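Participant: Right, I'll just put the structure down here and ask away after.
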Amino acid sequence: MTRDMTTGSPIRQILIFCVPLLIGNLFQQFYNLADSIIVGRMLGTDAFAAVGSTGSLNFLVLGFALGVCSGFTIPISQSFGAGDMAAVRRRCGQTVWLCLMTTALITGITFFTTGWILRITNTPPSLYDDAYTYIFIIFMGTGALVLYNMAASILRALGDSRTPLYFLIAATVINIVLDIVFMGPMDMGVEGAAFATVIAQLFSGLACLVYMDRKVPLLRLTRQDLRPDWREMLHIAGVGIPMGLQFSITAIGSVTLQSAVNSLGDLAVAGVSAGSKVHNVLAAPFETMGLAMATYCGQNLGAGRIDRIRKGVRQIMWVGLVYCAVALAAAYFFGPTMALLFIEAGETEVLALAQRFLMILVIAYPTLLVILVFRNGLQGMGFSNSAMLAGLAELVGRVAAAFTLVELWGYSGSVLAHVLAWILADLVLLPLYFYKTGRLERQQQLFHALHTEAKYE
């Protein structure tokens with residue numbers, strides 16, 4: 001079901017679009033958490049820490065894939081908002097080719113470099129073998145991840161946030177069942193967790209493709225739509241690649257910081273891993289708001305409704321600030337309980353470290369809200385290069401902190417590094433957003449003035 005977000009109440013349209021996205025995002029978190037919970041419970045704290053130690057590397061590589069998939073579909077949302085359905089189909093066809101190229105690139109590079117990256121990021125020797133096994137299998141299954149995110153992003157570009165959710169829920173159930181089977185009766189260890197994730201992602205991607213072919217006539221692509229058009233591909237890549245690079249730039253800072261955390265020992269790694277898992281769940285609504293704003297801003301830019309873009313951004317910011325207060329209360333009262341999903345109650349030192357990690361981040365959530373709303377808004381309007389500058393600011397913050405704050409304050413310094421990175425990104429994003437939207441409004445006013453003048457001549 002497509003949704004036109006260029007008419008009606010902005011906040012109502014955004015929230016209706018957000019609800020399935022939020023549920024989907026939470027299931028995505030559960031989908032990811034299933035490995036960690038079952039690994040921690042069935043294989044122990046060392047195996048859990050090994051899987052957790054790959055988190056930043058995972059984000060570095062697969063974050064690029066997620067970013068480009070989302071970015072490639074922004075021109076599709078703009079064409080849909082403008083009512084140009086031929087362009088929608090043509091751009092979908094070129095996106096398929098770009099996603100195939102992305103999969104080949106990532107798989108080829110990671111095949112040769114995974115072990116080297118784990119070593120230079122100071123992965124503890126006691127965790128190295130399990131960490132390598134897990135993340136190598138995940139990387140070799142990149143095609144499954146790209147397939148689902150390409151299909152889901154195309155559907156969301158047309159305003160359909162429900163259908164990807166249904167397939168994601170089914171994939172989550174499959175992932176959990178396979179985790180239990182692979183790590184239980186089949187005794188496959190962390191290798192089983194990785195295979196379960198890849199198989200579940202492949203299922204959700206194929207299910208989305210079948211749905212698009214059978215239920216969405218607009219997306220039944222012809223040979224002409226799929227014929228490579230290098231000029232169109234370059235245009236789409238010009239939007240998508242900066243968005244992917246922005247994810248990777250941010251992740252490089254995370255990998256650098258992870259290296260600093262790894263140097264603090266196994267307990268610190270386990271504390272950050274557990275705290276990060278809880279943080280990812282609590283921060284899911286912010287990710288959802290960002291995804292919604294990318295589609296909302298893209299469609300309204302296509303329709304020439306800059307006024308609606310600004311109004312929608314203001315309204316979703318108020319909603320986000322209310323949620324910040326809710327998240328703070330949840331982290332304070334339920335954070336330790338949520339961390340027990342991943343580690344045993346007897347691991348009291350790890351639990352304390354996880355709660356410290358969580359509380360520092362949650363207090364700074366308003367700065368994270370600004371990043372996700374304004375960055376995705378800029379990307380939705382086609383300003384991916386501008387949004388990437390925020391990623392560079394995050395990189396500077398995390399790298400600087402990895403060499404200073406961690407040295408000064410140890411574990412707490414590694415957590416404050418995230419906050420510093422968010423603040424630096426905000427200082428870049430806010431001026432850029434107001435400058436870009438102001439320029440678009442002036443261009444729109446000039447166009448209307450010239451059109452009116454020509455009409456009466």
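Following the order of the structure tokens, chains are lettered A, B, ..., residues in each are numbered from 1, and ligands are numbered from 1.
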Show me, as an MDAnalysis selection string, the residues that have an atom within 6 Å of range 422-431 of chain A when counting only C-alpha atoms, minus same-chain residues fewer than 4 positions from it.
Facilitator: chainID A and resid 367:368 371 390 393:394
Participant: May I have all residues of range 170-405 of chain A that DSSP, computed from the backbone, assigns to alpha helix (DSSP H), given as a PyMOL selection string?
Facilitator: chain A and resi 170-183+190-215+223-226+230-262+266-282+284-302+306-339+348-363+365-380+384-403+405
Participant: For Val88 in chain A, work out the shell of residues within 6 Å, counting only C-alpha atoms and skipping chain neighbours fewer than 2 positions away, then give it as a VMD selection string.
Facilitator: chain A and resid 76 79 85 to 86 90 to 91
Participant: Give me, as a PyMOL selection string, all polymer residues having an atom no more than 6 Å from range 146-149 of chain A, counting only C-alpha atoms and skipping those fewer than 3 positions away in the same chain.
Facilitator: chain A and resi 143+152-153+204-205
Participant: Restrict the selected residues to all heavy atoms and save them as a tab-separated table (two decimals), in the first residue's frame.
Facilitator:
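Okay, this is what ended up in out.tsv:
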chain	number	residue	atom	x	y	z
A	143	GLY	N	24.87	-10.26	0.62
A	143	GLY	CA	23.84	-10.20	-0.41
A	143	GLY	C	22.44	-10.34	0.15
A	143	GLY	O	21.50	-9.68	-0.33
A	152	ALA	N	12.89	-3.38	0.87
A	152	ALA	CA	12.17	-2.65	1.91
A	152	ALA	C	12.27	-1.15	1.70
A	152	ALA	O	11.29	-0.41	1.89
A	152	ALA	CB	12.72	-3.03	3.29
A	153	SER	N	13.44	-0.66	1.29
A	153	SER	CA	13.62	0.78	1.08
A	153	SER	C	12.79	1.28	-0.10
A	153	SER	O	12.26	2.39	-0.07
A	153	SER	CB	15.11	1.09	0.85
A	153	SER	OG	15.87	0.81	1.99
A	204	SER	N	13.54	-12.89	4.30
A	204	SER	CA	12.79	-11.63	4.28
A	204	SER	C	12.97	-10.89	2.97
A	204	SER	O	12.02	-10.28	2.45
A	204	SER	CB	13.19	-10.75	5.47
A	204	SER	OG	14.57	-10.45	5.43
A	205	GLY	N	14.18	-10.94	2.39
A	205	GLY	CA	14.41	-10.27	1.12
A	205	GLY	C	13.65	-10.91	-0.02
A	205	GLY	O	13.01	-10.22	-0.83
Participant: With only C-alpha atoms as the atoms that count, which of A:Val216, A:Ile180, A:Gly335, A:Thr295 lies nearest to Thr163 in chain A?
Facilitator: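 Among the listed residues, the smallest separation from Thr163 in chain A belongs to A:Val216.
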Participant: Quick one: everything within 9 Å of Gly275 in chain A, counting only C-alpha atoms, minus sequence neighbours fewer than 4 positions away in the same chain. Send it as a short mmCIF file (atom, residue, chain, number, x, y, z; two decimals) with N, CA, C and O atoms, in the first residue's frame.
Facilitator:
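Below is the file result.cif, written as the result:
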data_model
loop_
_atom_site.label_atom_id
_atom_site.label_comp_id
_atom_site.auth_asym_id
_atom_site.auth_seq_id
_atom_site.Cartn_x
_atom_site.Cartn_y
_atom_site.Cartn_z
N ALA A 270 32.60 -6.72 27.41
CA ALA A 270 31.28 -7.29 27.72
C ALA A 270 30.32 -6.23 28.22
O ALA A 270 29.13 -6.22 27.87
N GLY A 271 30.80 -5.27 29.02
CA GLY A 271 29.95 -4.19 29.53
C GLY A 271 29.44 -3.30 28.41
O GLY A 271 28.25 -2.96 28.36
N HIS A 279 20.85 -0.02 24.66
CA HIS A 279 20.78 1.30 24.01
C HIS A 279 20.15 1.20 22.63
O HIS A 279 19.31 2.04 22.26
N ASN A 280 20.49 0.18 21.86
CA ASN A 280 19.93 0.04 20.52
C ASN A 280 18.41 -0.11 20.56
O ASN A 280 17.71 0.40 19.68
N GLY A 335 17.00 -0.65 33.07
CA GLY A 335 18.24 -0.93 32.36
C GLY A 335 18.94 -2.19 32.83
O GLY A 335 19.28 -3.07 32.02
N ALA A 339 19.67 -5.71 30.72
CA ALA A 339 21.02 -6.23 30.51
C ALA A 339 21.13 -7.70 30.90
O ALA A 339 21.97 -8.43 30.35
N LEU A 351 27.46 -6.06 34.74
CA LEU A 351 26.16 -5.39 34.84
C LEU A 351 26.32 -3.92 35.21
O LEU A 351 25.64 -3.04 34.66
N LEU A 353 28.94 -2.01 34.70
CA LEU A 353 29.53 -1.30 33.55
C LEU A 353 28.48 -1.04 32.47
O LEU A 353 28.44 0.04 31.87
N ALA A 354 27.61 -2.02 32.23
CA ALA A 354 26.56 -1.85 31.22
C ALA A 354 25.60 -0.73 31.60
O ALA A 354 25.21 0.08 30.77
N GLN A 355 25.24 -0.66 32.89
CA GLN A 355 24.31 0.38 33.34
C GLN A 355 24.95 1.76 33.27
O GLN A 355 24.30 2.74 32.91
N ARG A 356 26.23 1.86 33.60
CA ARG A 356 26.92 3.15 33.48
C ARG A 356 26.94 3.61 32.03
O ARG A 356 26.68 4.78 31.73
N PHE A 357 27.25 2.70 31.13
CA PHE A 357 27.25 3.00 29.69
C PHE A 357 25.88 3.54 29.28
O PHE A 357 25.77 4.58 28.60
N LEU A 358 24.83 2.85 29.69
CA LEU A 358 23.48 3.20 29.26
C LEU A 358 23.04 4.55 29.79
O LEU A 358 22.51 5.38 29.03
#
Participant: May I have the residues within 8 Å of range 18-25 of chain A as a PyMOL selection string, using only C-alpha atoms and disregarding those fewer than 5 positions away in the same chain?
Facilitator: chain A and resi 161-162+164-165+168-169+284-285+287-289+291-292
Participant: Compare A:Met186, A:Ala329, A:Leu98, A:Ile106 by their minimum atom-to-atom distance to Trp230 in chain A, counting only C-alpha atoms, and give me the closest one.
Facilitator: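 Counting only C-alpha atoms, the residue closest to Trp230 in chain A is A:Leu98.
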Participant: Env of Gly382 in chain A: 10 Å cut, atoms = only C-alpha atoms, seq-sep filter 5 positions within chain, self excluded. Answer as a PDB file with C-alpha atoms, in the first residue's frame.
Facilitator:
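And here is the file that came out, out_4.pdb:
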ATOM      1  CA  GLY A  71      20.138   6.505  -0.320  1.00  0.00           C
ATOM      2  CA  ILE A  74      15.595   8.706  -2.174  1.00  0.00           C
ATOM      3  CA  PRO A  75      15.294   9.717  -5.869  1.00  0.00           C
ATOM      4  CA  GLN A  78      11.129  12.250  -4.981  1.00  0.00           C
ATOM      5  CA  ILE A 236      21.257   7.718  -7.990  1.00  0.00           C
ATOM      6  CA  GLY A 238      25.456  10.469  -6.215  1.00  0.00           C
ATOM      7  CA  VAL A 239      22.717  10.405  -3.589  1.00  0.00           C
ATOM      8  CA  GLY A 240      23.223   6.902  -2.214  1.00  0.00           C
ATOM      9  CA  MET A 243      24.744   8.302   2.498  1.00  0.00           C
ATOM     10  CA  ALA A 294      13.801  10.774   4.785  1.00  0.00           C
ATOM     11  CA  CYS A 297      11.098  15.122   3.034  1.00  0.00           C
ATOM     12  CA  GLY A 298      11.795  13.320  -0.242  1.00  0.00           C
ATOM     13  CA  LEU A 301      10.539  18.056  -2.040  1.00  0.00           C
ATOM     14  CA  ASN A 376      17.743  12.112   7.373  1.00  0.00           C
ATOM     15  CA  GLY A 377      15.734  15.189   6.445  1.00  0.00           C
ATOM     16  CA  ALA A 387      24.641  15.293   5.630  1.00  0.00           C
TER      17      ALA A 387
END
